[in-house]
$ cat upload_16.cif   # mmCIF, C-alpha atoms
data_data
#
loop_
_atom_site.label_atom_id
_atom_site.label_comp_id
_atom_site.auth_asym_id
_atom_site.auth_seq_id
_atom_site.Cartn_x
_atom_site.Cartn_y
_atom_site.Cartn_z
CA MET H 1 0.00 0.00 0.00
CA SER H 2 1.23 3.49 -0.90
CA GLU H 3 2.37 5.68 1.96
CA ALA H 4 -0.16 8.34 2.95
CA ILE H 5 0.81 11.97 2.40
CA GLY H 6 -0.51 15.30 3.64
CA PHE H 7 -2.45 16.74 0.71
CA SER H 8 -3.86 15.55 -2.57
CA ILE H 9 -4.23 18.46 -5.01
CA VAL H 10 -6.81 17.65 -7.69
CA ILE H 11 -6.96 19.76 -10.84
CA LEU H 12 -9.59 19.21 -13.52
CA THR H 13 -8.27 19.84 -17.03
CA ARG H 14 -9.67 19.95 -20.56
CA ASN H 15 -7.70 21.65 -23.34
CA SER H 16 -6.03 23.73 -20.65
CA LEU H 17 -2.87 25.01 -22.31
CA GLY H 18 -2.46 28.70 -21.63
CA VAL H 19 -3.93 28.53 -18.12
CA ILE H 20 -2.74 25.33 -16.46
CA GLU H 21 0.90 26.39 -16.73
CA ARG H 22 0.25 29.49 -14.61
CA LEU H 23 -1.59 27.51 -11.96
CA VAL H 24 1.09 24.82 -11.63
CA GLN H 25 3.87 27.42 -11.47
CA SER H 26 2.00 29.34 -8.79
CA LEU H 27 1.28 26.24 -6.70
CA GLU H 28 4.91 25.16 -6.83
CA GLY H 29 5.98 28.63 -5.70
CA GLN H 30 3.71 28.72 -2.65
CA ASN H 31 4.95 29.12 0.92
CA PHE H 32 3.67 25.65 1.71
CA SER H 33 6.12 23.00 2.80
CA THR H 34 3.67 20.16 3.52
CA ASP H 35 4.08 17.07 1.33
CA ARG H 36 1.58 16.81 -1.50
CA GLU H 37 0.60 14.89 -4.58
CA TYR H 38 -0.98 16.16 -7.79
CA LEU H 39 -3.87 14.38 -9.49
CA PHE H 40 -4.71 15.83 -12.89
CA MET H 41 -8.11 14.64 -14.08
CA ASP H 42 -7.81 15.17 -17.82
CA ASN H 43 -11.05 15.15 -19.77
CA HIS H 44 -9.99 14.12 -23.28
CA SER H 45 -7.72 17.09 -24.02
CA THR H 46 -6.72 17.42 -27.67
CA ASP H 47 -4.48 20.52 -27.53
CA GLY H 48 -1.35 19.01 -25.98
CA THR H 49 -2.44 19.42 -22.36
CA ARG H 50 -1.84 15.73 -21.67
CA ASP H 51 1.72 15.90 -23.02
CA TYR H 52 2.41 18.99 -20.89
CA LEU H 53 1.10 17.29 -17.74
CA GLU H 54 3.15 14.16 -18.40
CA SER H 55 6.29 16.28 -18.82
CA LEU H 56 5.96 18.10 -15.49
CA PRO H 57 8.88 17.25 -13.14
CA LEU H 58 6.67 16.97 -10.05
CA LYS H 59 7.64 14.54 -7.30
CA ASN H 60 4.20 12.98 -6.81
CA LYS H 61 2.02 13.27 -9.88
CA ARG H 62 -0.61 11.24 -11.67
CA VAL H 63 -2.51 12.07 -14.83
CA ILE H 64 -5.83 10.24 -14.84
CA ASP H 65 -7.92 9.89 -17.98
CA VAL H 66 -11.54 11.02 -17.90
CA PRO H 67 -12.94 9.66 -21.18
CA GLU H 68 -15.02 11.87 -23.46
CA GLY H 69 -18.66 11.90 -22.34
CA SER H 70 -17.94 10.63 -18.81
CA PHE H 71 -17.08 13.95 -17.11
CA SER H 72 -19.27 15.36 -14.34
CA HIS H 73 -18.38 17.90 -11.67
CA SER H 74 -19.32 15.52 -8.86
CA GLY H 75 -18.40 12.17 -10.42
CA THR H 76 -14.98 13.24 -11.66
CA ARG H 77 -14.08 14.73 -8.30
CA MET H 78 -15.23 11.61 -6.47
CA HIS H 79 -13.13 9.52 -8.88
CA ALA H 80 -10.14 11.65 -7.85
CA ALA H 81 -11.02 11.28 -4.16
CA ARG H 82 -10.96 7.49 -4.43
CA GLU H 83 -7.52 7.68 -6.05
CA ALA H 84 -6.12 10.20 -3.55
CA ARG H 85 -3.64 9.30 -0.80
CA GLY H 86 -3.71 12.54 1.19
CA LYS H 87 -5.28 13.16 4.55
CA PHE H 88 -6.78 16.29 3.03
CA ILE H 89 -7.94 16.89 -0.52
CA ILE H 90 -7.82 20.18 -2.43
CA PHE H 91 -9.86 20.84 -5.58
CA PHE H 92 -8.98 23.39 -8.25
CA THR H 93 -10.24 24.14 -11.70
CA ASP H 94 -7.51 24.61 -14.27
CA ASP H 95 -8.01 28.34 -14.89
CA ILE H 96 -7.68 29.88 -11.42
CA GLU H 97 -4.63 31.84 -10.32
CA PRO H 98 -3.71 32.30 -6.63
CA ALA H 99 -3.36 35.95 -5.66
CA SER H 100 -0.54 35.46 -3.11
CA ASP H 101 2.25 33.08 -2.12
CA ASP H 102 0.43 32.03 1.06
CA PHE H 103 -2.77 31.08 -0.76
CA LEU H 104 -2.46 27.33 -0.07
CA LEU H 105 -1.58 27.92 3.57
CA ASN H 106 -4.62 30.14 4.08
CA LEU H 107 -6.98 27.83 2.19
CA THR H 108 -6.04 24.73 4.17
CA GLU H 109 -5.56 26.25 7.63
CA PRO H 110 -9.20 26.01 8.87
CA VAL H 111 -9.41 22.32 7.94
CA VAL H 112 -5.92 21.34 9.13
CA ALA H 113 -6.50 23.10 12.46
CA GLY H 114 -9.75 21.20 12.92
CA ASN H 115 -11.88 24.34 12.93
CA ALA H 116 -13.91 23.21 9.91
CA SER H 117 -14.47 20.09 7.84
CA ALA H 118 -14.29 22.01 4.57
CA ALA H 119 -13.05 25.41 3.42
CA TYR H 120 -13.23 27.42 0.24
CA GLY H 121 -11.31 30.40 -1.11
CA VAL H 122 -12.36 33.88 -2.20
CA CYS H 123 -12.89 34.32 -5.92
CA GLN H 124 -11.66 37.66 -7.25
CA ILE H 125 -11.75 39.32 -10.65
CA HIS H 126 -8.59 41.11 -11.69
CA PRO H 127 -9.57 44.59 -12.96
CA GLN H 128 -6.71 44.71 -15.49
CA TRP H 129 -6.86 41.11 -16.73
CA HIS H 130 -10.58 40.50 -16.62
CA ASP H 131 -13.90 42.36 -16.50
CA PRO H 132 -13.35 45.75 -14.79
CA LEU H 133 -17.07 46.30 -14.10
CA ASP H 134 -17.45 42.95 -12.39
CA ALA H 135 -14.27 43.61 -10.38
CA TYR H 136 -15.56 47.01 -9.25
CA LEU H 137 -18.99 45.70 -8.27
CA HIS H 138 -18.27 42.30 -6.76
CA ASN H 139 -14.72 41.91 -5.43
CA ASP H 140 -15.87 42.80 -1.90
CA TRP H 141 -18.62 40.13 -1.87
CA TYR H 142 -16.98 38.08 0.88
CA LEU H 143 -16.83 40.90 3.45
CA GLY H 144 -20.47 40.40 4.37
CA PHE H 145 -19.99 36.67 5.01
CA SER H 146 -19.03 35.08 8.32
CA ASP H 147 -15.76 33.18 8.55
CA TYR H 148 -17.70 30.00 9.37
CA SER H 149 -21.09 28.54 8.57
CA GLU H 150 -22.14 26.71 11.71
CA PRO H 151 -23.96 23.35 11.89
CA VAL H 152 -27.72 23.65 11.91
CA GLY H 153 -30.56 21.29 12.75
CA THR H 154 -33.26 20.38 10.25
CA TYR H 155 -35.95 22.28 12.14
CA CYS H 156 -33.92 25.50 12.27
CA TRP H 157 -32.96 25.06 8.61
CA GLU H 158 -36.62 25.00 7.66
CA MET H 159 -37.23 28.15 9.72
CA PHE H 160 -34.55 30.11 7.84
CA THR H 161 -35.46 32.21 4.83
CA PRO H 162 -34.44 30.77 1.44
CA GLU H 163 -31.86 33.56 1.11
CA THR H 164 -30.27 32.59 4.44
CA ARG H 165 -30.16 28.90 3.53
CA ARG H 166 -28.43 29.68 0.24
CA ARG H 167 -25.96 32.00 1.93
CA LEU H 168 -25.06 29.46 4.61
CA ALA H 169 -24.46 26.76 1.99
CA ASN H 170 -22.19 28.91 -0.13
CA PHE H 171 -19.22 26.84 -1.31
CA ASP H 172 -16.92 26.86 -4.34
CA ASN H 173 -15.08 23.85 -5.74
CA CYS H 174 -13.01 26.11 -7.98
CA SER H 175 -10.86 26.32 -4.86
CA SER H 176 -11.68 24.13 -1.88
CA CYS H 177 -10.11 21.95 0.81
CA LEU H 178 -11.83 19.05 2.59
CA ARG H 179 -11.06 16.16 4.90
CA LEU H 180 -10.67 13.23 2.56
CA ASP H 181 -12.14 10.66 4.95
CA LEU H 182 -15.28 12.76 5.35
CA LEU H 183 -15.67 13.27 1.60
CA LEU H 184 -15.37 9.53 0.97
CA GLU H 185 -17.93 8.87 3.67
CA MET H 186 -20.50 11.44 2.58
CA SER H 187 -19.69 11.93 -1.16
CA PHE H 188 -20.60 14.79 -3.42
CA PRO H 189 -24.22 14.39 -4.57
CA ASP H 190 -24.53 12.56 -7.88
CA VAL H 191 -25.53 15.63 -9.89
CA PRO H 192 -24.01 17.17 -13.01
CA TYR H 193 -23.86 20.68 -11.55
CA GLY H 194 -23.96 22.46 -8.18
CA GLU H 195 -22.38 19.62 -6.22
CA ASP H 196 -20.41 22.08 -4.07
CA MET H 197 -23.33 24.01 -2.57
CA MET H 198 -25.39 20.83 -2.17
CA PHE H 199 -22.50 19.15 -0.34
CA ALA H 200 -22.09 22.20 1.93
CA LYS H 201 -25.78 21.97 2.81
CA GLN H 202 -25.29 18.28 3.59
CA LEU H 203 -22.30 19.08 5.82
CA LEU H 204 -24.16 21.73 7.82
CA LEU H 205 -27.16 19.46 8.39
CA SER H 206 -24.79 16.67 9.51
CA GLY H 207 -23.10 18.72 12.23
CA HIS H 208 -20.04 20.05 10.38
CA ARG H 209 -18.64 23.57 9.99
CA VAL H 210 -17.73 25.12 6.63
CA ALA H 211 -15.09 27.86 6.49
CA LEU H 212 -14.70 30.78 4.13
CA ALA H 213 -10.93 31.28 4.00
CA LYS H 214 -10.98 35.03 3.44
CA LYS H 215 -7.21 35.36 3.01
CA ALA H 216 -7.13 32.62 0.34
CA ARG H 217 -7.91 34.86 -2.61
CA PHE H 218 -7.63 33.73 -6.19
CA TYR H 219 -8.42 35.15 -9.61
CA HIS H 220 -10.99 33.40 -11.75
CA TRP H 221 -12.97 34.72 -14.69
CA HIS H 222 -13.71 33.77 -18.25
CA LYS H 223 -15.77 35.45 -20.91
CA VAL H 224 -19.01 33.58 -21.52
CA SER H 225 -21.59 33.56 -24.28
CA PHE H 226 -25.25 34.51 -23.98
CA SER H 227 -26.37 30.89 -24.48
CA TYR H 228 -23.93 29.52 -21.90
CA PHE H 229 -25.01 32.01 -19.24
CA LEU H 230 -28.69 31.48 -20.00
CA LYS H 231 -28.23 27.74 -19.51
CA ARG H 232 -26.16 28.18 -16.37
CA MET H 233 -28.62 30.53 -14.67
CA CYS H 234 -31.59 28.36 -15.62
CA ILE H 235 -29.95 25.41 -13.87
CA ASP H 236 -28.87 27.59 -10.92
CA SER H 237 -32.44 28.81 -10.46
CA HIS H 238 -33.85 25.29 -10.78
CA LEU H 239 -31.44 24.01 -8.10
CA GLY H 240 -32.00 27.06 -5.89
CA ILE H 241 -35.72 26.30 -5.77
CA ARG H 242 -35.23 22.59 -5.19
CA GLU H 243 -32.51 22.85 -2.53
CA PHE H 244 -33.31 26.14 -0.77
CA GLY H 245 -36.80 27.20 -1.83
CA LEU H 246 -35.21 30.29 -3.39
CA PHE H 247 -37.04 32.06 -6.22
CA TYR H 248 -34.89 34.80 -7.77
CA VAL H 249 -37.69 36.16 -9.94
CA THR H 250 -41.20 34.85 -10.61
CA ARG H 251 -42.79 37.16 -13.20
CA MET H 252 -41.77 38.31 -16.65
CA LEU H 253 -42.41 41.91 -15.61
CA GLY H 254 -39.88 41.40 -12.82
CA VAL H 255 -37.37 40.07 -15.36
CA VAL H 256 -37.73 43.23 -17.45
CA ARG H 257 -37.45 45.48 -14.39
CA HIS H 258 -34.36 43.71 -13.00
CA ILE H 259 -32.60 43.83 -16.36
CA ALA H 260 -33.41 47.50 -16.95
CA VAL H 261 -32.32 48.65 -13.49
CA ARG H 262 -29.06 46.72 -13.57
CA VAL H 263 -28.17 47.68 -17.13
CA LEU H 264 -28.60 51.35 -16.25
CA HIS H 265 -26.54 50.93 -13.08
CA ARG H 266 -23.67 49.13 -14.78
CA THR H 267 -23.61 51.60 -17.65
CA TYR H 268 -23.33 54.38 -15.07
CA VAL H 269 -20.46 52.55 -13.35
CA ALA H 270 -18.67 52.02 -16.66
CA PHE H 271 -18.86 55.67 -17.66
CA PHE H 272 -18.51 57.47 -14.33
CA LYS H 273 -16.88 55.16 -11.73
CA ILE H 274 -13.97 53.39 -13.40
CA ARG H 275 -11.12 54.60 -15.57
CA LEU H 276 -11.23 53.03 -19.02
CA PRO H 277 -10.67 54.11 -22.60
CA PHE H 278 -13.94 55.45 -23.98
CA PHE H 279 -14.49 52.60 -26.45
CA ARG H 280 -13.93 50.04 -23.64
CA LYS H 281 -16.69 51.67 -21.61
CA PHE H 282 -19.07 50.96 -24.49
CA TYR H 283 -17.75 47.41 -24.89
CA TRP H 284 -18.20 46.40 -21.24
CA SER H 285 -21.58 48.13 -20.99
CA TRP H 286 -22.82 46.12 -23.96
CA TYR H 287 -21.28 42.89 -22.64
CA HIS H 288 -23.06 43.31 -19.30
CA ALA H 289 -26.37 44.20 -20.94
CA ARG H 290 -26.26 40.87 -22.81
CA LEU H 291 -25.26 38.88 -19.74
CA LEU H 292 -27.88 40.50 -17.52
CA THR H 293 -30.53 39.60 -20.07
CA ALA H 294 -29.32 36.00 -20.09
CA ASP H 295 -29.04 36.04 -16.28
CA PHE H 296 -32.61 37.00 -15.43
CA LEU H 297 -34.23 35.27 -18.38
CA GLY H 298 -32.44 32.08 -17.32
CA LYS H 299 -33.48 32.56 -13.69
CA TYR H 300 -37.09 33.01 -14.77
CA MET H 301 -36.94 29.89 -16.94
CA GLY H 302 -35.68 27.95 -13.96
CA THR H 303 -38.85 28.78 -11.99
CA LEU H 304 -41.24 27.41 -14.61
CA ASP H 305 -43.06 24.10 -14.22
CA SER H 306 -45.79 22.63 -16.41
CA GLN H 307 -48.56 24.12 -14.26
CA ARG H 308 -47.20 27.65 -14.42
CA ALA H 309 -46.29 27.37 -18.09
CA ASN H 310 -49.80 26.33 -19.10
CA ARG H 311 -51.65 28.84 -16.94
CA GLY H 312 -53.47 31.32 -19.16
CA PHE H 313 -52.55 32.07 -22.76
CA SER H 314 -48.80 32.60 -22.87
CA PRO H 315 -46.94 31.07 -25.82
CA LEU H 316 -43.71 32.71 -24.60
CA LYS H 317 -44.01 31.08 -21.17
CA ARG H 318 -44.62 27.67 -22.73
CA TYR H 319 -41.68 28.18 -25.08
CA LEU H 320 -39.39 29.06 -22.16
CA PHE H 321 -40.61 26.06 -20.17
CA ASN H 322 -39.86 23.74 -23.10
CA LYS H 323 -36.44 25.37 -23.38
CA LYS H 324 -35.84 24.72 -19.69
CA GLU H 325 -36.75 21.04 -20.14
CA GLN H 326 -34.27 20.77 -23.00
CA ILE H 327 -31.54 22.37 -20.90
CA LEU H 328 -32.14 20.06 -17.94
CA ASP H 329 -32.24 17.03 -20.19
CA SER H 330 -28.97 17.99 -21.85
CA ILE H 331 -27.20 18.81 -18.57
CA TYR H 332 -27.95 15.36 -17.19
CA LYS H 333 -26.42 13.86 -20.30
CA LYS H 334 -23.36 16.11 -20.43
CA SER H 335 -22.22 18.49 -17.69
CA ILE H 336 -21.29 22.09 -18.25
CA HIS H 337 -17.51 21.95 -18.16
CA ARG H 338 -16.84 25.40 -16.74
CA TYR H 339 -18.74 27.51 -14.24
#

$ encode --input "upload_16.cif" --output "structure tokens"
Amino acid sequence: MSEAIGFSIVILTRNSLGVIERLVQSLEGQNFSTDREYLFMDNHSTDGTRDYLESLPLKNKRVIDVPEGSFSHSGTRMHAAREARGKFIIFFTDDIEPASDDFLLNLTEPVVAGNASAAYGVCQIHPQWHDPLDAYLHNDWYLGFSDYSEPVGTYCWEMFTPETRRRLANFDNCSSCLRLDLLLEMSFPDVPYGEDMMFAKQLLLSGHRVALAKKARFYHWHKVSFSYFLKRMCIDSHLGIREFGLFYVTRMLGVVRHIAVRVLHRTYVAFFKIRLPFFRKFYWSWYHARLLTADFLGKYMGTLDSQRANRGFSPLKRYLFNKKEQILDSIYKKSIHRY
């Protein structure tokens, strides 16, 4: 039997050249002396990622094939967990970049110290590399969160508002650390998407604490299409209702109002709050207008069921419900690879 080590670092890859190199270099340069292994779960890369991973001169490294069509966010991570030899397991997506040299130390500290069973890092958007509007509006999101989500009984959980439930179960497998024995015992839910927040809910209801490692900041952002974001927010809304009873928006009039208010606000921010070349102000304003439309239209789609869709004469509502059914059917056949 292989000797146990301290940490198993799991990185999910798929055609990752251009981003995975930065992540590996950053992880190797961390102020983190604990022994570790790397498990790269490669999902049928065709751009040379596999050759790059095989060439890495890392002491403990395995590249594990995830065949085309068999990837899922929960299943692939559980596959890695069963292969891991560490006492603790760390999950990363391939396109994050730690913001400091003590990132790993800060991410793992709550779990290693026994203060929590799982911890996740703070996602940031670099204003020069990524979307400057999103960075301006959202990089302080974590300041309103507690350092720990405490265990909660089922009765109290049901008494909380849907917004509180969702907030308590916030978790992010783009950057997370867990006790491996606990993960193997409880397992990520067998779902194609949202396994991290559902697992956090499961932990809290089972008597475990979840930590937000506020000093473990990392950069993560990628430009997304209208159709991708529509699909993502439809699924997010569907899961939010099922797991937390959370309805983001319930009427088409509310969709229009939310989009209009936020588009106006973000256009104001672009033109009057951040320093950008004039043409970039137009570009990011337009980009956000498209994404906000996809965001709230997708959230509304996620609320629709057959009863609501067929109430009254609303061809648009029925069309959106059918679109939702297609999205859910496709997501259970093939996971969204990035989120």

$ residues_around --input "upload_16.cif" --residues "stretch 157-165 of chain H" --least-positions-apart "6" --cutoff "9 Å" --atoms "all atoms listed in the file" --output "number ranges by chain"
H: 201, 205, 240-241, 243-247

$ closest_residue --input "upload_16.cif" --among "H:Lys215, H:Thr93, H:Ile20, H:Thr250" --to "H:Ala309" --atoms "all atoms listed in the file"
H:Thr250

$ resolve_selection --input "upload_16.cif" --expression "the PyMOL selection byres ((chain H and resi 184-192) around 6)" --output "PyMOL selection string"
chain H and resi 72-74+181-183+193+195+199+335

$ closest_residue --input "upload_16.cif" --among "H:Gly6, H:Pro98, H:Gly207, H:Gly75" --to "H:Glu28" --atoms "all atoms listed in the file"
H:Pro98

$ closest_residue --input "upload_16.cif" --among "H:Leu104, H:Ile64, H:Met78, H:Val224" --to "H:Thr34" --atoms "only C-alpha atoms"
H:Leu104

$ atom_distance --input "upload_16.cif" --atom1 "atom CA of H:Tyr219" --atom2 "atom CA of H:Leu107"
14.0 Å

$ closest_residue --input "upload_16.cif" --among "H:Trp141, H:Val210, H:Phe282, H:Gly153" --to "H:Phe171" --atoms "only C-alpha atoms"
H:Val210

$ atom_distance --input "upload_16.cif" --atom1 "atom CA of H:Val256" --atom2 "atom CA of H:Arg318"
17.8 Å

$ atom_distance --input "upload_16.cif" --atom1 "atom CA of H:Gly254" --atom2 "atom CA of H:Leu137"
21.8 Å

$ residues_around --input "upload_16.cif" --residues "H:Gly86" --least-positions-apart "6" --cutoff "7 Å" --atoms "all atoms listed in the file" --output "list in words"
Ala4, Ile5, Gly6, Phe7 and Ser8 of chain H

$ write_last_selection --input "upload_16.cif" --atoms "C-alpha atoms" --output "compact mmCIF listing (two decimals), in the coordinates of the input"
# COMPACT_ATOMS: atom_id res chain seq x y z
CA ALA H 4 -0.16 8.34 2.95
CA ILE H 5 0.81 11.97 2.40
CA GLY H 6 -0.51 15.30 3.64
CA PHE H 7 -2.45 16.74 0.71
CA SER H 8 -3.86 15.55 -2.57

$ resolve_selection --input "upload_16.cif" --expression "the PyMOL selection byres ((chain H and resi 65) around 9)" --output "list of chain:residue names"
H:Phe40, H:Met41, H:Asp42, H:Asn43, H:His44, H:Val63, H:Ile64, H:Val66, H:Pro67

$ closest_residue --input "upload_16.cif" --among "H:His208, H:His265, H:Arg167, H:Arg232" --to "H:Ala289" --atoms "all atoms listed in the file"
H:His265

$ residues_near_point --input "upload_16.cif" --point "(-13.0, 36.3, -10.2)" --cutoff "7 Å" --atoms "only C-alpha atoms" --output "VMD selection string"
chain H and resid 123 to 126 219 to 221

$ residues_around --input "upload_16.cif" --residues "H:Glu109" --least-positions-apart "2" --cutoff "12 Å" --atoms "only C-alpha atoms" --output "count of residues only"
31

$ residues_around --input "upload_16.cif" --residues "H:Arg251" --least-positions-apart "2" --cutoff "12 Å" --atoms "all atoms listed in the file" --output "MDAnalysis selection string"
chainID H and resid 247:249 253:258 296:297 299:304 308:309 317

$ write_last_selection --input "upload_16.cif" --atoms "C-alpha atoms" --output "PDB file, in the frame of the given file"
ATOM      1  CA  PHE H 247     -37.040  32.060  -6.220  1.00  0.00           C
ATOM      2  CA  TYR H 248     -34.890  34.800  -7.770  1.00  0.00           C
ATOM      3  CA  VAL H 249     -37.690  36.160  -9.940  1.00  0.00           C
ATOM      4  CA  LEU H 253     -42.410  41.910 -15.610  1.00  0.00           C
ATOM      5  CA  GLY H 254     -39.880  41.400 -12.820  1.00  0.00           C
ATOM      6  CA  VAL H 255     -37.370  40.070 -15.360  1.00  0.00           C
ATOM      7  CA  VAL H 256     -37.730  43.230 -17.450  1.00  0.00           C
ATOM      8  CA  ARG H 257     -37.450  45.480 -14.390  1.00  0.00           C
ATOM      9  CA  HIS H 258     -34.360  43.710 -13.000  1.00  0.00           C
ATOM     10  CA  PHE H 296     -32.610  37.000 -15.430  1.00  0.00           C
ATOM     11  CA  LEU H 297     -34.230  35.270 -18.380  1.00  0.00           C
ATOM     12  CA  LYS H 299     -33.480  32.560 -13.690  1.00  0.00           C
ATOM     13  CA  TYR H 300     -37.090  33.010 -14.770  1.00  0.00           C
ATOM     14  CA  MET H 301     -36.940  29.890 -16.940  1.00  0.00           C
ATOM     15  CA  GLY H 302     -35.680  27.950 -13.960  1.00  0.00           C
ATOM     16  CA  THR H 303     -38.850  28.780 -11.990  1.00  0.00           C
ATOM     17  CA  LEU H 304     -41.240  27.410 -14.610  1.00  0.00           C
ATOM     18  CA  ARG H 308     -47.200  27.650 -14.420  1.00  0.00           C
ATOM     19  CA  ALA H 309     -46.290  27.370 -18.090  1.00  0.00           C
ATOM     20  CA  LYS H 317     -44.010  31.080 -21.170  1.00  0.00           C
TER      21      LYS H 317
END

$ closest_residue --input "upload_16.cif" --among "H:Arg311, H:Ser306, H:Asn173, H:Asn15" --to "H:Lys323" --atoms "only C-alpha atoms"
H:Ser306

$ residues_around --input "upload_16.cif" --residues "H:Val19" --least-positions-apart "2" --cutoff "8 Å" --atoms "all atoms listed in the file" --output "list in words"
Ser16, Leu17, Glu21, Arg22, Leu23, Asp94, Asp95 and Ile96 of chain H

$ build_atoms --input "upload_16.cif" --residues "stretch 157-171 of chain H" --atoms "N, CA and C atoms" --output "PDB file, in the frame of the given file"
ATOM      1  N   TRP H 157     -33.164  24.855  10.057  1.00  0.00           N
ATOM      2  CA  TRP H 157     -32.960  25.060   8.610  1.00  0.00           C
ATOM      3  C   TRP H 157     -34.272  25.436   7.939  1.00  0.00           C
ATOM      4  N   GLU H 158     -35.324  24.735   8.277  1.00  0.00           N
ATOM      5  CA  GLU H 158     -36.620  25.000   7.660  1.00  0.00           C
ATOM      6  C   GLU H 158     -37.179  26.355   8.095  1.00  0.00           C
ATOM      7  N   MET H 159     -36.754  26.854   9.249  1.00  0.00           N
ATOM      8  CA  MET H 159     -37.230  28.150   9.720  1.00  0.00           C
ATOM      9  C   MET H 159     -36.496  29.316   9.053  1.00  0.00           C
ATOM     10  N   PHE H 160     -35.303  29.051   8.504  1.00  0.00           N
ATOM     11  CA  PHE H 160     -34.550  30.110   7.840  1.00  0.00           C
ATOM     12  C   PHE H 160     -35.244  30.529   6.544  1.00  0.00           C
ATOM     13  N   THR H 161     -34.980  31.770   6.128  1.00  0.00           N
ATOM     14  CA  THR H 161     -35.460  32.210   4.830  1.00  0.00           C
ATOM     15  C   THR H 161     -34.652  31.503   3.734  1.00  0.00           C
ATOM     16  N   PRO H 162     -35.209  31.369   2.541  1.00  0.00           N
ATOM     17  CA  PRO H 162     -34.440  30.770   1.440  1.00  0.00           C
ATOM     18  C   PRO H 162     -33.113  31.476   1.195  1.00  0.00           C
ATOM     19  N   GLU H 163     -33.094  32.800   1.318  1.00  0.00           N
ATOM     20  CA  GLU H 163     -31.860  33.560   1.110  1.00  0.00           C
ATOM     21  C   GLU H 163     -30.802  33.180   2.140  1.00  0.00           C
ATOM     22  N   THR H 164     -31.216  32.986   3.393  1.00  0.00           N
ATOM     23  CA  THR H 164     -30.270  32.590   4.440  1.00  0.00           C
ATOM     24  C   THR H 164     -29.744  31.194   4.211  1.00  0.00           C
ATOM     25  N   ARG H 165     -30.613  30.271   3.817  1.00  0.00           N
ATOM     26  CA  ARG H 165     -30.160  28.900   3.530  1.00  0.00           C
ATOM     27  C   ARG H 165     -29.094  28.902   2.430  1.00  0.00           C
ATOM     28  N   ARG H 166     -29.382  29.646   1.361  1.00  0.00           N
ATOM     29  CA  ARG H 166     -28.430  29.680   0.240  1.00  0.00           C
ATOM     30  C   ARG H 166     -27.117  30.303   0.658  1.00  0.00           C
ATOM     31  N   ARG H 167     -27.179  31.319   1.469  1.00  0.00           N
ATOM     32  CA  ARG H 167     -25.960  32.000   1.930  1.00  0.00           C
ATOM     33  C   ARG H 167     -25.127  31.088   2.814  1.00  0.00           C
ATOM     34  N   LEU H 168     -25.778  30.360   3.722  1.00  0.00           N
ATOM     35  CA  LEU H 168     -25.060  29.460   4.610  1.00  0.00           C
ATOM     36  C   LEU H 168     -24.367  28.341   3.842  1.00  0.00           C
ATOM     37  N   ALA H 169     -24.995  27.877   2.759  1.00  0.00           N
ATOM     38  CA  ALA H 169     -24.460  26.760   1.990  1.00  0.00           C
ATOM     39  C   ALA H 169     -23.554  27.203   0.853  1.00  0.00           C
ATOM     40  N   ASN H 170     -23.106  28.445   0.903  1.00  0.00           N
ATOM     41  CA  ASN H 170     -22.190  28.910  -0.130  1.00  0.00           C
ATOM     42  C   ASN H 170     -20.899  28.094  -0.075  1.00  0.00           C
ATOM     43  N   PHE H 171     -20.433  27.643  -1.233  1.00  0.00           N
ATOM     44  CA  PHE H 171     -19.220  26.840  -1.310  1.00  0.00           C
ATOM     45  C   PHE H 171     -18.742  26.892  -2.758  1.00  0.00           C
TER      46      PHE H 171
END
